[in-house]
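Undergrad: My file is coords.cif. It has mmCIF, C-alpha atoms:
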data_coords
loop_
_atom_site.label_atom_id
_atom_site.label_comp_id
_atom_site.auth_asym_id
_atom_site.auth_seq_id
_atom_site.Cartn_x
_atom_site.Cartn_y
_atom_site.Cartn_z
CA MET A 1 -37.97 1.32 -4.58
CA LEU A 2 -38.32 3.56 -7.61
CA THR A 3 -40.97 6.20 -6.98
CA LYS A 4 -40.73 7.91 -10.36
CA ARG A 5 -43.00 6.89 -13.21
CA ILE A 6 -42.34 3.91 -15.47
CA ILE A 7 -44.11 4.27 -18.82
CA PRO A 8 -44.32 1.62 -21.55
CA CYS A 9 -44.79 3.01 -25.06
CA LEU A 10 -46.88 1.51 -27.83
CA ASP A 11 -45.54 2.67 -31.20
CA ILE A 12 -48.38 1.91 -33.61
CA LYS A 13 -48.20 1.31 -37.35
CA ASP A 14 -51.10 -0.17 -39.31
CA GLY A 15 -52.87 -1.07 -36.08
CA ARG A 16 -49.96 -3.11 -34.69
CA THR A 17 -47.31 -2.36 -32.10
CA VAL A 18 -43.88 -2.04 -33.71
CA LYS A 19 -40.36 -1.30 -32.55
CA GLY A 20 -37.20 -0.33 -34.39
CA THR A 21 -33.76 1.16 -33.90
CA ASN A 22 -33.23 4.89 -34.41
CA PHE A 23 -36.85 5.00 -35.68
CA VAL A 24 -36.20 2.59 -38.58
CA GLN A 25 -35.99 -1.20 -39.16
CA LEU A 26 -39.41 -1.72 -37.60
CA ARG A 27 -40.48 -5.15 -36.40
CA ASP A 28 -43.80 -6.37 -35.06
CA ALA A 29 -44.14 -6.35 -31.27
CA GLY A 30 -47.68 -7.53 -30.79
CA ASP A 31 -51.31 -6.55 -30.42
CA PRO A 32 -51.60 -3.11 -28.77
CA ILE A 33 -54.73 -3.95 -26.77
CA GLU A 34 -53.18 -7.10 -25.31
CA LEU A 35 -49.97 -5.25 -24.47
CA ALA A 36 -51.87 -2.38 -22.87
CA MET A 37 -53.80 -4.80 -20.65
CA ARG A 38 -50.60 -6.59 -19.69
CA TYR A 39 -48.83 -3.38 -18.72
CA CYS A 40 -51.76 -2.29 -16.62
CA GLU A 41 -51.66 -5.62 -14.77
CA GLU A 42 -47.87 -5.43 -14.33
CA GLY A 43 -48.01 -2.08 -12.57
CA ALA A 44 -47.06 0.47 -15.21
CA ASP A 45 -47.72 4.01 -14.02
CA GLU A 46 -48.90 5.32 -17.37
CA LEU A 47 -49.16 4.25 -20.99
CA VAL A 48 -48.17 6.16 -24.13
CA PHE A 49 -49.63 5.41 -27.58
CA LEU A 50 -47.88 6.96 -30.59
CA ASP A 51 -49.19 6.50 -34.12
CA ILE A 52 -45.70 6.84 -35.57
CA THR A 53 -46.70 7.28 -39.20
CA ALA A 54 -49.68 9.58 -38.72
CA THR A 55 -47.69 12.72 -39.51
CA THR A 56 -45.70 11.39 -42.45
CA GLU A 57 -48.73 9.74 -44.00
CA LYS A 58 -50.94 12.73 -43.14
CA ARG A 59 -53.47 10.57 -41.33
CA LYS A 60 -55.31 11.12 -38.11
CA THR A 61 -54.53 9.01 -35.09
CA LEU A 62 -56.56 5.83 -34.88
CA ALA A 63 -59.38 7.01 -32.62
CA THR A 64 -61.14 3.67 -32.68
CA LEU A 65 -58.08 1.80 -31.46
CA VAL A 66 -57.53 4.46 -28.79
CA ARG A 67 -61.07 3.86 -27.53
CA GLU A 68 -60.58 0.09 -27.47
CA ILE A 69 -57.37 0.41 -25.45
CA ALA A 70 -58.86 2.97 -23.07
CA THR A 71 -61.73 0.66 -22.17
CA HIS A 72 -59.27 -2.01 -21.03
CA ILE A 73 -56.94 0.04 -18.79
CA ASN A 74 -57.20 2.16 -15.67
CA ILE A 75 -53.94 4.10 -15.80
CA PRO A 76 -53.24 7.51 -17.38
CA PHE A 77 -53.14 7.22 -21.16
CA THR A 78 -51.29 9.62 -23.49
CA VAL A 79 -51.94 9.56 -27.24
CA GLY A 80 -49.95 11.20 -30.04
CA GLY A 81 -49.60 11.18 -33.80
CA GLY A 82 -51.03 13.50 -36.42
CA ILE A 83 -52.62 15.92 -33.95
CA ASN A 84 -52.96 19.35 -35.55
CA THR A 85 -56.12 21.00 -34.24
CA ILE A 86 -58.33 21.53 -31.22
CA GLU A 87 -60.83 19.19 -32.88
CA ASP A 88 -58.21 16.42 -33.08
CA VAL A 89 -57.61 16.70 -29.34
CA SER A 90 -61.31 16.75 -28.52
CA LEU A 91 -61.83 13.55 -30.52
CA LEU A 92 -59.04 11.72 -28.70
CA LEU A 93 -60.13 12.86 -25.26
CA GLU A 94 -63.68 11.79 -26.07
CA ASN A 95 -62.32 8.36 -27.02
CA GLY A 96 -60.52 7.84 -23.74
CA ALA A 97 -57.14 9.60 -23.90
CA ASP A 98 -56.16 11.41 -20.69
CA LYS A 99 -53.36 13.41 -22.29
CA ILE A 100 -52.28 14.13 -25.84
CA SER A 101 -48.81 14.49 -27.30
CA VAL A 102 -47.88 16.88 -30.10
CA ASN A 103 -44.56 17.09 -31.90
CA THR A 104 -44.31 18.12 -35.56
CA SER A 105 -47.47 20.21 -35.39
CA ALA A 106 -46.04 22.18 -32.47
CA VAL A 107 -42.80 22.83 -34.35
CA ASN A 108 -44.72 23.97 -37.42
CA ASN A 109 -47.14 26.10 -35.41
CA PRO A 110 -45.90 26.87 -31.88
CA GLU A 111 -49.05 28.88 -31.17
CA LEU A 112 -50.91 25.54 -31.22
CA ILE A 113 -49.43 24.79 -27.79
CA ASN A 114 -50.93 27.97 -26.38
CA GLN A 115 -54.30 27.19 -27.94
CA LEU A 116 -54.40 23.61 -26.64
CA ALA A 117 -53.30 24.63 -23.14
CA ALA A 118 -55.97 27.35 -23.06
CA ASN A 119 -58.71 24.98 -24.23
CA PHE A 120 -57.84 21.80 -22.35
CA GLY A 121 -55.43 22.79 -19.58
CA SER A 122 -51.68 22.32 -19.47
CA GLN A 123 -52.06 19.12 -17.48
CA CYS A 124 -53.14 17.17 -20.57
CA ILE A 125 -50.71 18.72 -23.09
CA VAL A 126 -47.48 16.79 -23.62
CA VAL A 127 -45.03 18.18 -26.14
CA ALA A 128 -42.68 15.57 -27.58
CA ILE A 129 -39.16 16.62 -28.49
CA ASP A 130 -37.22 14.29 -30.79
CA THR A 131 -33.59 15.37 -30.80
CA LYS A 132 -30.29 14.31 -32.30
CA ILE A 133 -26.79 15.73 -32.43
CA ILE A 134 -26.25 17.83 -35.57
CA ASP A 135 -23.01 19.80 -35.93
CA GLY A 136 -22.29 19.24 -32.26
CA ASN A 137 -25.65 20.54 -31.01
CA TRP A 138 -28.70 18.71 -29.75
CA THR A 139 -31.18 19.76 -32.45
CA VAL A 140 -34.94 19.21 -32.67
CA VAL A 141 -35.95 16.91 -35.54
CA THR A 142 -39.32 15.88 -36.94
CA HIS A 143 -40.86 13.18 -39.14
CA GLY A 144 -39.15 10.30 -37.34
CA GLY A 145 -35.84 12.13 -37.27
CA ARG A 146 -35.64 12.72 -41.00
CA ASN A 147 -36.16 16.48 -40.94
CA PRO A 148 -33.87 18.72 -38.85
CA THR A 149 -35.31 22.02 -37.63
CA LEU A 150 -33.79 25.34 -36.62
CA HIS A 151 -34.63 24.70 -32.96
CA LYS A 152 -32.02 23.70 -30.40
CA ALA A 153 -33.42 21.24 -27.88
CA ILE A 154 -32.88 23.30 -24.73
CA SER A 155 -34.22 26.58 -26.08
CA TRP A 156 -37.22 24.77 -27.59
CA ALA A 157 -37.93 23.07 -24.26
CA LYS A 158 -37.98 26.47 -22.58
CA GLU A 159 -40.26 27.93 -25.24
CA ILE A 160 -42.83 25.16 -25.09
CA THR A 161 -42.86 25.42 -21.30
CA ASP A 162 -43.58 29.13 -21.57
CA ARG A 163 -46.34 28.41 -24.08
CA GLY A 164 -48.20 26.14 -21.67
CA ALA A 165 -46.97 22.58 -22.16
CA GLY A 166 -47.57 20.50 -19.08
CA GLU A 167 -44.93 17.87 -19.76
CA ILE A 168 -42.06 17.10 -22.14
CA LEU A 169 -41.47 13.71 -23.76
CA LEU A 170 -37.79 13.85 -24.68
CA THR A 171 -36.51 11.21 -27.12
CA SER A 172 -32.87 10.97 -28.10
CA MET A 173 -32.63 9.78 -31.69
CA GLU A 174 -29.01 8.84 -31.00
CA ASN A 175 -30.07 6.35 -28.33
CA ASP A 176 -33.45 5.12 -29.54
CA GLY A 177 -33.61 1.34 -29.73
CA THR A 178 -29.90 0.90 -28.95
CA LYS A 179 -30.36 -0.36 -25.36
CA ALA A 180 -27.14 1.51 -24.53
CA GLY A 181 -28.77 3.80 -21.99
CA PHE A 182 -30.68 7.07 -22.01
CA ALA A 183 -29.08 10.32 -23.17
CA ILE A 184 -28.12 11.47 -19.69
CA ASP A 185 -26.53 14.82 -20.53
CA ILE A 186 -29.30 16.39 -22.61
CA THR A 187 -31.96 14.95 -20.31
CA ARG A 188 -30.27 16.50 -17.29
CA GLU A 189 -29.84 19.84 -19.06
CA ILE A 190 -33.49 20.05 -20.02
CA SER A 191 -34.74 18.80 -16.65
CA THR A 192 -32.71 21.58 -15.05
CA ALA A 193 -33.81 24.23 -17.55
CA VAL A 194 -37.59 23.80 -17.26
CA SER A 195 -40.12 23.67 -14.44
CA ILE A 196 -42.36 20.96 -15.92
CA PRO A 197 -41.89 17.16 -15.77
CA VAL A 198 -39.56 15.55 -18.30
CA ILE A 199 -40.12 11.99 -19.55
CA ALA A 200 -36.86 10.45 -20.79
CA SER A 201 -37.12 8.19 -23.83
CA GLY A 202 -34.68 6.32 -26.03
CA GLY A 203 -32.03 3.80 -25.10
CA ALA A 204 -33.29 1.83 -22.11
CA GLY A 205 -31.61 -1.56 -21.93
CA SER A 206 -31.11 -2.36 -18.25
CA MET A 207 -32.49 -1.53 -14.84
CA ASN A 208 -29.43 0.59 -14.10
CA HIS A 209 -30.24 2.79 -17.08
CA PHE A 210 -33.48 3.75 -15.34
CA LYS A 211 -31.66 4.48 -12.08
CA ASP A 212 -29.17 6.66 -13.93
CA VAL A 213 -31.78 8.71 -15.77
CA PHE A 214 -33.68 9.31 -12.53
CA GLU A 215 -30.76 9.92 -10.19
CA ILE A 216 -28.22 11.58 -12.49
CA ALA A 217 -30.41 13.21 -15.14
CA ASN A 218 -33.29 13.98 -12.74
CA ALA A 219 -35.98 12.82 -15.18
CA ASP A 220 -39.47 12.65 -13.73
CA ALA A 221 -40.40 9.55 -15.72
CA ALA A 222 -38.78 7.06 -18.07
CA LEU A 223 -40.37 5.56 -21.16
CA ALA A 224 -39.35 2.36 -22.91
CA ALA A 225 -40.76 -0.05 -25.45
CA SER A 226 -38.95 -3.17 -26.64
CA ILE A 227 -37.53 -4.21 -23.27
CA PHE A 228 -41.08 -4.35 -21.95
CA HIS A 229 -42.73 -5.72 -25.11
CA PHE A 230 -40.34 -8.67 -25.28
CA ARG A 231 -40.20 -9.20 -21.48
CA GLU A 232 -36.52 -8.38 -21.16
CA ILE A 233 -37.23 -6.37 -18.02
CA SER A 234 -40.15 -6.80 -15.63
CA ILE A 235 -41.90 -3.57 -14.69
CA GLN A 236 -42.55 -4.86 -11.19
CA GLU A 237 -38.93 -5.86 -10.64
CA LEU A 238 -37.83 -2.51 -12.01
CA LYS A 239 -40.03 -0.65 -9.56
CA ASN A 240 -38.62 -2.68 -6.68
CA ILE A 241 -34.95 -1.81 -7.22
#
Could the structure of this file be written out as structure tokens, please?
TA:
Amino acid sequence: MLTKRIIPCLDIKDGRTVKGTNFVQLRDAGDPIELAMRYCEEGADELVFLDITATTEKRKTLATLVREIATHINIPFTVGGGINTIEDVSLLLENGADKISVNTSAVNNPELINQLAANFGSQCIVVAIDTKIIDGNWTVVTHGGRNPTLHKAISWAKEITDRGAGEILLTSMENDGTKAGFAIDITREISTAVSIPVIASGGAGSMNHFKDVFEIANADAALAASIFHFREISIQELKNI
């Protein structure tokens, strides 16, 4: 039986759950509250909520929707999207989030990680790393993969760990939505390089993909979206393999 964490992800746009391929070609995947309740009943270990356009549209995460979801579930709940300040985090935690996830804001202002860890504790600070291969190197990207940065994924993972992140949410842009499997190599390299848990994201398409990312890449958790949203894989069956 799988003992590592299985985490469904709700990518939110305009109050609806959506899913695409390589962060584009989005399609509707259902009501986020209904999905959250279903995943809780099916035995998910945690739930992640990402307001995927909050950064690009310069909006704050939908605190009201976060509160509505939180009142219907009893599993750890991570929320991300457009978080830039201590006040943003306070608002989300007050509305029911257990952990928050930062990405672009951490790249733009790495000191933010230190500040959030000092104020709220590392245990509730998840730093998301979106990465893709650019000129042969796994490079950190932001804004849904549109903007490459100067950070290499492994060195950035080490830096955010040193700054107080409690967990890394690692998404391979190369694999996202393809159902061809997780990015085993970079996941393994980062899992080996840091002392904090790594959540693998991007590419899940079969139960064996989860086994591989746990057993070969040594991920602490695996996150997926469409295969759960559209009932292609049962969380309970997955946890029983």
Undergrad: Which is closer to Glu87 of chain A than all the others in A:Val102, A:Ala200, A:Leu116, A:Leu47, using all atoms listed in the file?
TA: A:Leu116
Undergrad: Would you write out, as a list in words, every residue that the PyMOL selection byres ((chain A and resi 189) around 12) captures in this file?
TA: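 Applied to this file, the PyMOL selection byres ((chain A and resi 189) around 12) returns Trp138, Ala153, Ile154, Ser155, Ala157, Lys158, Leu170, Ala183, Ile184, Asp185, Ile186, Thr187, Arg188, Ile190, Ser191, Thr192, Ala193, Val194, Ser195, Val198, Ala200, Val213, Ile216, Ala217, Asn218 and Ala219 of chain A.
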Undergrad: Compile a residue-level contact table for segment 149-228 of chain A against segment 2-15 of chain A at a cut-off of 12 Å, reporting for every qualifying residue the shortest atom pair and its distance in Å to one decimal, with only C-alpha atoms counted, rows ordered by chain and ascending number, as a Markdown table.
TA:
| residue | atom | partner | partner_atom | distance |
| --- | --- | --- | --- | --- |
| A:Leu169 | CA | A:Ile7 | CA | 11.0 |
| A:Thr171 | CA | A:Cys9 | CA | 11.8 |
| A:Pro197 | CA | A:Arg5 | CA | 10.6 |
| A:Val198 | CA | A:Arg5 | CA | 10.6 |
| A:Ile199 | CA | A:Arg5 | CA | 8.6 |
| A:Ala200 | CA | A:Ile7 | CA | 9.7 |
| A:Ser201 | CA | A:Cys9 | CA | 9.3 |
| A:Gly202 | CA | A:Cys9 | CA | 10.7 |
| A:Ala204 | CA | A:Pro8 | CA | 11.0 |
| A:Met207 | CA | A:Leu2 | CA | 10.6 |
| A:Asn208 | CA | A:Leu2 | CA | 11.4 |
| A:Phe210 | CA | A:Ile6 | CA | 8.9 |
| A:Lys211 | CA | A:Leu2 | CA | 8.1 |
| A:Asp212 | CA | A:Leu2 | CA | 11.5 |
| A:Val213 | CA | A:Lys4 | CA | 10.5 |
| A:Phe214 | CA | A:Lys4 | CA | 7.5 |
| A:Glu215 | CA | A:Lys4 | CA | 10.2 |
| A:Asn218 | CA | A:Lys4 | CA | 9.9 |
| A:Ala219 | CA | A:Lys4 | CA | 8.4 |
| A:Asp220 | CA | A:Lys4 | CA | 6.0 |
| A:Ala221 | CA | A:Arg5 | CA | 4.5 |
| A:Ala222 | CA | A:Ile6 | CA | 5.4 |
| A:Leu223 | CA | A:Ile7 | CA | 4.6 |
| A:Ala224 | CA | A:Pro8 | CA | 5.2 |
| A:Ala225 | CA | A:Cys9 | CA | 5.1 |
| A:Ser226 | CA | A:Cys9 | CA | 8.6 |
| A:Ile227 | CA | A:Pro8 | CA | 9.1 |
| A:Phe228 | CA | A:Pro8 | CA | 6.8 |
Undergrad: List, as an NGL selection string, every residue that the PyMOL selection byres ((chain A and resi 90-98) around 7) selects in the file provided.
TA: :A and (63 or 66-67 or 70 or 76-79 or 86-89 or 99-100 or 124)
Undergrad: Might I get the box with edges along x, y and z of the file that holds all atoms of segment 120-123 of chain A listed there, padded by 8 Å on every side, given as centre and edge lengths in Å to one decimal, as AutoDock Vina command-line options?
TA:
--center_x -54.8 --center_y 21.0 --center_z -19.9 --size_x 22.2 --size_y 19.7 --size_z 20.9
Undergrad: Within 8 Å of segment 145-152 of chain A, counting all atoms listed in the file, which residues qualify if same-chain residues fewer than 2 places away don't, as a ChimeraX atom specification?
TA: /A:23,130-132,137-143,154-156,173
Undergrad: Filtering to C-alpha atoms, could you give me those residues as a PDB file, keeping the file's coordinate frame?
TA:
ATOM      1  CA  PHE A  23     -36.850   5.000 -35.680  1.00  0.00           C
ATOM      2  CA  ASP A 130     -37.220  14.290 -30.790  1.00  0.00           C
ATOM      3  CA  THR A 131     -33.590  15.370 -30.800  1.00  0.00           C
ATOM      4  CA  LYS A 132     -30.290  14.310 -32.300  1.00  0.00           C
ATOM      5  CA  ASN A 137     -25.650  20.540 -31.010  1.00  0.00           C
ATOM      6  CA  TRP A 138     -28.700  18.710 -29.750  1.00  0.00           C
ATOM      7  CA  THR A 139     -31.180  19.760 -32.450  1.00  0.00           C
ATOM      8  CA  VAL A 140     -34.940  19.210 -32.670  1.00  0.00           C
ATOM      9  CA  VAL A 141     -35.950  16.910 -35.540  1.00  0.00           C
ATOM     10  CA  THR A 142     -39.320  15.880 -36.940  1.00  0.00           C
ATOM     11  CA  HIS A 143     -40.860  13.180 -39.140  1.00  0.00           C
ATOM     12  CA  ILE A 154     -32.880  23.300 -24.730  1.00  0.00           C
ATOM     13  CA  SER A 155     -34.220  26.580 -26.080  1.00  0.00           C
ATOM     14  CA  TRP A 156     -37.220  24.770 -27.590  1.00  0.00           C
ATOM     15  CA  MET A 173     -32.630   9.780 -31.690  1.00  0.00           C
TER      16      MET A 173
END
Undergrad: I'd like the neighbourhood of Gly166 of chain A as a short mmCIF file (atom, residue, chain, number, x, y, z; two decimals) with C-alpha atoms, in the coordinates of the input, where a residue qualifies if any of its atoms comes within 6 Å (using only C-alpha atoms), though same-chain residues fewer than 2 positions away should be ignored.
TA:
data_model
loop_
_atom_site.label_atom_id
_atom_site.label_comp_id
_atom_site.auth_asym_id
_atom_site.auth_seq_id
_atom_site.Cartn_x
_atom_site.Cartn_y
_atom_site.Cartn_z
CA SER A 122 -51.68 22.32 -19.47
CA GLN A 123 -52.06 19.12 -17.48
CA ILE A 125 -50.71 18.72 -23.09
CA VAL A 126 -47.48 16.79 -23.62
#
Undergrad: Atom CA of Gly203 of chain A and atom CA of Arg163 of chain A, how far apart in Å?
TA: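 According to the coordinates, atom CA of Arg163 of chain A and atom CA of Gly203 of chain A are separated by 28.5 Å.
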Undergrad: I'd like the interatomic distance between atom CA of Leu65 of chain A and atom CA of Asn103 of chain A, to a tenth of an Å.
TA: 20.4 Å
Undergrad: Please measure the separation of atom CA of Ile113 of chain A and atom CA of Glu46 of chain A, giving the value in Å to one decimal.
TA: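 About the pair atom CA of Ile113 of chain A and atom CA of Glu46 of chain A: they are 22.1 Å apart.
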Undergrad: Pick from A:Ile73, A:Ile33, A:Ala128, A:Thr161: nearest to Thr104 of chain A, with only C-alpha atoms counted?
TA: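 Of A:Ile73, A:Ile33, A:Ala128, A:Thr161, the one nearest Thr104 of chain A, counting only C-alpha atoms, is A:Ala128.
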